[in-house]
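Participant: Next comes the structure file coords_35.tsv, holding TSV, C-alpha atoms.
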chain	number	residue	atom	x	y	z
A	1	MET	CA	-22.18	22.09	-25.26
A	2	THR	CA	-22.51	21.00	-28.87
A	3	ALA	CA	-24.89	18.22	-29.85
A	4	ARG	CA	-21.93	15.91	-30.60
A	5	LYS	CA	-20.31	16.58	-27.23
A	6	ARG	CA	-23.64	16.06	-25.47
A	7	ALA	CA	-24.15	12.76	-27.34
A	8	LEU	CA	-20.62	11.58	-26.40
A	9	TYR	CA	-21.22	12.54	-22.77
A	10	GLU	CA	-24.61	10.80	-22.63
A	11	HIS	CA	-23.10	7.71	-24.26
A	12	GLY	CA	-20.36	7.67	-21.59
A	13	VAL	CA	-22.89	8.05	-18.77
A	14	ALA	CA	-24.97	5.20	-20.18
A	15	ARG	CA	-21.87	2.98	-20.49
A	16	ARG	CA	-20.79	3.70	-16.91
A	17	LYS	CA	-24.31	3.04	-15.65
A	18	ALA	CA	-24.49	-0.25	-17.58
A	19	ALA	CA	-21.07	-1.25	-16.23
A	20	ARG	CA	-22.18	-0.52	-12.67
A	21	GLU	CA	-25.43	-2.43	-13.08
A	22	SER	CA	-23.74	-5.47	-14.64
A	23	ARG	CA	-21.29	-5.79	-11.76
A	24	ALA	CA	-21.51	-7.59	-8.47
A	25	PRO	CA	-23.71	-6.06	-5.77
A	26	VAL	CA	-22.53	-2.69	-4.51
A	27	ASP	CA	-21.39	-4.14	-1.19
A	28	ALA	CA	-19.03	-6.56	-2.96
A	29	VAL	CA	-17.33	-4.25	-5.48
A	30	VAL	CA	-17.56	-0.47	-5.71
A	31	LEU	CA	-16.22	1.62	-8.56
A	32	ARG	CA	-14.76	4.92	-7.33
A	33	PHE	CA	-13.18	7.75	-9.33
A	34	THR	CA	-10.63	10.55	-9.12
A	35	GLU	CA	-10.88	13.99	-10.65
A	36	ASP	CA	-7.88	12.90	-12.79
A	37	HIS	CA	-10.22	10.42	-14.53
A	38	ALA	CA	-8.91	7.24	-12.93
A	39	TRP	CA	-11.20	4.58	-11.52
A	40	VAL	CA	-10.55	2.17	-8.65
A	41	ARG	CA	-12.30	-1.14	-8.03
A	42	VAL	CA	-11.52	-2.54	-4.58
A	43	ASP	CA	-11.67	-6.18	-3.54
A	44	GLY	CA	-10.34	-6.67	-0.03
A	45	GLU	CA	-6.87	-5.15	0.25
A	46	ARG	CA	-6.36	-5.11	-3.51
A	47	ALA	CA	-7.43	-2.40	-5.92
A	48	GLN	CA	-7.69	-2.57	-9.68
A	49	VAL	CA	-6.96	0.77	-11.36
A	50	GLY	CA	-8.01	2.03	-14.77
A	51	LEU	CA	-8.77	5.06	-16.92
A	52	SER	CA	-12.36	6.31	-17.21
A	53	ASP	CA	-14.23	6.01	-20.47
A	54	HIS	CA	-14.70	9.79	-20.38
A	55	MET	CA	-10.93	10.31	-20.59
A	56	ALA	CA	-10.46	7.49	-23.10
A	57	GLU	CA	-12.99	9.18	-25.39
A	58	ALA	CA	-11.34	12.57	-24.90
A	59	LEU	CA	-7.93	11.15	-25.79
A	60	GLY	CA	-9.16	9.58	-29.01
A	61	ASP	CA	-7.59	6.43	-30.45
A	62	ILE	CA	-5.05	5.12	-27.93
A	63	ILE	CA	-1.94	3.74	-29.62
A	64	ALA	CA	0.50	2.97	-26.76
A	65	VAL	CA	0.53	2.44	-23.00
A	66	GLU	CA	3.47	2.47	-20.58
A	67	LEU	CA	2.84	0.81	-17.20
A	68	PRO	CA	4.96	0.21	-14.08
A	69	ALA	CA	6.71	-3.08	-13.32
A	70	LEU	CA	5.45	-5.68	-10.86
A	71	GLY	CA	6.53	-4.82	-7.34
A	72	GLU	CA	6.85	-1.10	-8.06
A	73	ARG	CA	5.43	1.17	-5.39
A	74	LEU	CA	2.81	3.72	-6.40
A	75	GLU	CA	2.30	6.91	-4.41
A	76	ARG	CA	-1.11	8.55	-4.50
A	77	GLY	CA	-0.98	11.66	-6.70
A	78	ALA	CA	2.31	10.70	-8.40
A	79	PRO	CA	2.68	9.64	-12.06
A	80	PHE	CA	3.05	5.91	-12.66
A	81	GLY	CA	2.93	5.49	-16.43
A	82	GLU	CA	1.53	7.09	-19.53
A	83	VAL	CA	-0.88	6.69	-22.39
A	84	GLU	CA	-0.27	7.87	-25.93
A	85	SER	CA	-3.11	8.62	-28.30
A	86	VAL	CA	-3.25	10.05	-31.78
A	87	ARG	CA	-3.87	13.44	-30.11
A	88	THR	CA	-1.50	13.59	-27.13
A	89	VAL	CA	0.53	11.85	-24.43
A	90	ARG	CA	-0.86	11.85	-20.88
A	91	GLU	CA	0.56	10.58	-17.60
A	92	PHE	CA	-1.40	8.21	-15.41
A	93	VAL	CA	-1.69	9.58	-11.87
A	94	ALA	CA	-1.91	7.05	-9.04
A	95	PRO	CA	-5.28	7.26	-7.26
A	96	VAL	CA	-4.02	5.19	-4.30
A	97	THR	CA	-0.75	4.21	-2.62
A	98	GLY	CA	0.42	0.62	-2.80
A	99	THR	CA	2.53	-2.02	-4.49
A	100	VAL	CA	1.81	-3.20	-8.03
A	101	THR	CA	0.76	-6.87	-7.90
A	102	ALA	CA	-0.48	-7.22	-11.50
A	103	VAL	CA	-0.10	-5.35	-14.77
A	104	ASN	CA	-2.46	-5.67	-17.73
A	105	GLU	CA	0.10	-6.97	-20.22
A	106	GLU	CA	-2.56	-7.22	-22.95
A	107	LEU	CA	-2.38	-3.43	-23.26
A	108	GLU	CA	1.14	-3.70	-24.72
A	109	GLU	CA	-0.22	-5.41	-27.82
A	110	GLN	CA	-3.78	-4.03	-27.66
A	111	PRO	CA	-3.73	-0.49	-26.24
A	112	GLU	CA	-7.09	0.11	-27.91
A	113	LEU	CA	-8.68	-1.93	-25.09
A	114	LEU	CA	-8.62	1.33	-23.13
A	115	ASN	CA	-11.01	2.79	-25.71
A	116	GLU	CA	-13.09	-0.34	-26.26
A	117	ASP	CA	-13.58	-1.62	-22.70
A	118	PRO	CA	-11.96	0.67	-20.09
A	119	TYR	CA	-13.79	-0.84	-17.10
A	120	HIS	CA	-13.11	-4.50	-17.78
A	121	GLU	CA	-10.49	-5.62	-20.33
A	122	GLY	CA	-8.80	-2.20	-20.29
A	123	TRP	CA	-7.76	-2.10	-16.62
A	124	LEU	CA	-4.19	-0.86	-16.02
A	125	VAL	CA	-2.73	-2.28	-12.81
A	126	GLU	CA	-3.70	-4.06	-9.63
A	127	VAL	CA	-2.29	-2.69	-6.39
A	128	LYS	CA	-2.00	-4.04	-2.85
A	129	LEU	CA	-3.28	-1.07	-0.87
A	130	SER	CA	-1.03	0.56	1.71
A	131	ASN	CA	-3.56	3.05	3.05
A	132	GLU	CA	-7.24	2.09	2.74
A	133	ALA	CA	-8.24	5.49	4.18
A	134	GLU	CA	-7.28	7.02	0.81
A	135	LEU	CA	-10.35	5.34	-0.68
A	136	ASP	CA	-12.53	7.75	1.29
A	137	GLU	CA	-11.09	10.61	-0.76
A	138	LEU	CA	-12.30	9.13	-4.06
A	139	ILE	CA	-15.67	10.12	-5.51
A	140	SER	CA	-18.65	7.95	-6.41
A	141	ALA	CA	-19.63	7.20	-10.00
A	142	ASP	CA	-22.59	9.58	-9.71
A	143	GLU	CA	-20.33	12.38	-8.41
A	144	TYR	CA	-17.89	11.68	-11.24
A	145	ASP	CA	-20.66	11.80	-13.85
A	146	GLU	CA	-21.76	15.16	-12.47
A	147	ALA	CA	-18.20	16.51	-12.51
A	148	VAL	CA	-17.48	15.50	-16.10
A	149	SER	CA	-20.82	16.75	-17.40
A	150	SER	CA	-19.45	20.29	-17.23
A	151	GLU	CA	-16.11	19.42	-18.87
A	152	LYS	CA	-15.38	19.83	-22.54
A	153	VAL	CA	-14.80	16.57	-24.39
As structure tokens, how would this structure be written, given the file I've shared?

Facilitator:
Amino acid sequence: MTARKRALYEHGVARRKAARESRAPVDAVVLRFTEDHAWVRVDGERAQVGLSDHMAEALGDIIAVELPALGERLERGAPFGEVESVRTVREFVAPVTGTVTAVNEELEEQPELLNEDPYHEGWLVEVKLSNEAELDELISADEYDEAVSSEKV
């Protein structure tokens, strides 16, 4: 791993750690991840979904985001929108199954929020969960950090 890649990775780990530490106690809100670089923050039967800072950094400057409509049903593992950066276009893959109850409309005018603040202002959608057991298949932040440490940025 080059020094630049290592520095980017370490910066991402530090940002995720700071985000976790600045949040509510672990029992109240837990950030979980997928291997497709999505994160899920659960509050009761609702889950907020976003893109990890690791993937946002890998994509580069994000210039457009396409998200589903309110009321649309997401199926775990299926595409539900896309992100366009100066480097590529990538589909968002649903980490959970449920119905979209909120969409981050700010991303239409400010897609760069995914780069600047992916865990707070840069969330994508909120979903009413259909199958809470799917959450058990997501990985912890520490497991995610370990998994991405071996990836190329």

Participant: Mind giving me the straight-line distance from atom CA of Gly71 of chain A to atom CA of Asp53 of chain A in Å, one decimal?

Facilitator: 26.8 Å

Participant: Would you mind telling me which residue in A:Glu84, A:Phe33, A:Trp39, A:Gly50 lies nearest to Gly122 of chain A when using all atoms listed in the file?

Facilitator: A:Gly50

Participant: Figure out the distance between atom CA of Pro95 of chain A and atom CA of Ile63 of chain A, please, to one decimal in Å.

Facilitator: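 It comes out at 22.9 Å.
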
Participant: Can you pull out the residues contacting Thr101 of chain A? Cut-off 6 Å, using all atoms listed in the file, and skip same-chain residues under 3 positions away; I want them as a list in words.

Facilitator: Leu70, Glu126 and Val127 of chain A

Participant: Using all atoms listed in the file for the distances, tell me which of A:Leu114, A:Val40, A:Leu138, A:Ala69 is nearest to Glu57 of chain A.

Facilitator: A:Leu114

Participant: Under the rule that only C-alpha atoms are counted, which of A:Val125, A:Ala94, A:Leu107, A:Leu31 is the nearest residue to Ile62 of chain A?

Facilitator: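 Looking only at the distances to Ile62 of chain A, the closest residue turns out to be A:Leu107.
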
Participant: Which polymer residues have any atom within 8 Å of an atom of Val96 of chain A, counting only C-alpha atoms, with same-chain residues fewer than 3 positions away left out, as a PyMOL selection string?

Facilitator: chain A and resi 74-77+129+131+134-135

Participant: In Å, with one decimal, what is the gap from atom CA of Asp36 of chain A to atom CA of Gln110 of chain A?

Facilitator: 22.9 Å

Participant: For Phe92 of chain A, find every residue with an atom within 6 Å (counting all atoms listed in the file), except residues of its own chain fewer than 2 positions away, and show them as a list in words.

Facilitator: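 Within the cut-off, the hits are Pro79, Phe80, Gly81 and Glu82 of chain A.
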
Participant: So, with only C-alpha atoms as the atoms that count, which of A:Glu151, A:Glu121, A:Asp142, A:Glu137 lies closest to Gln48 of chain A?

Facilitator: A:Glu121
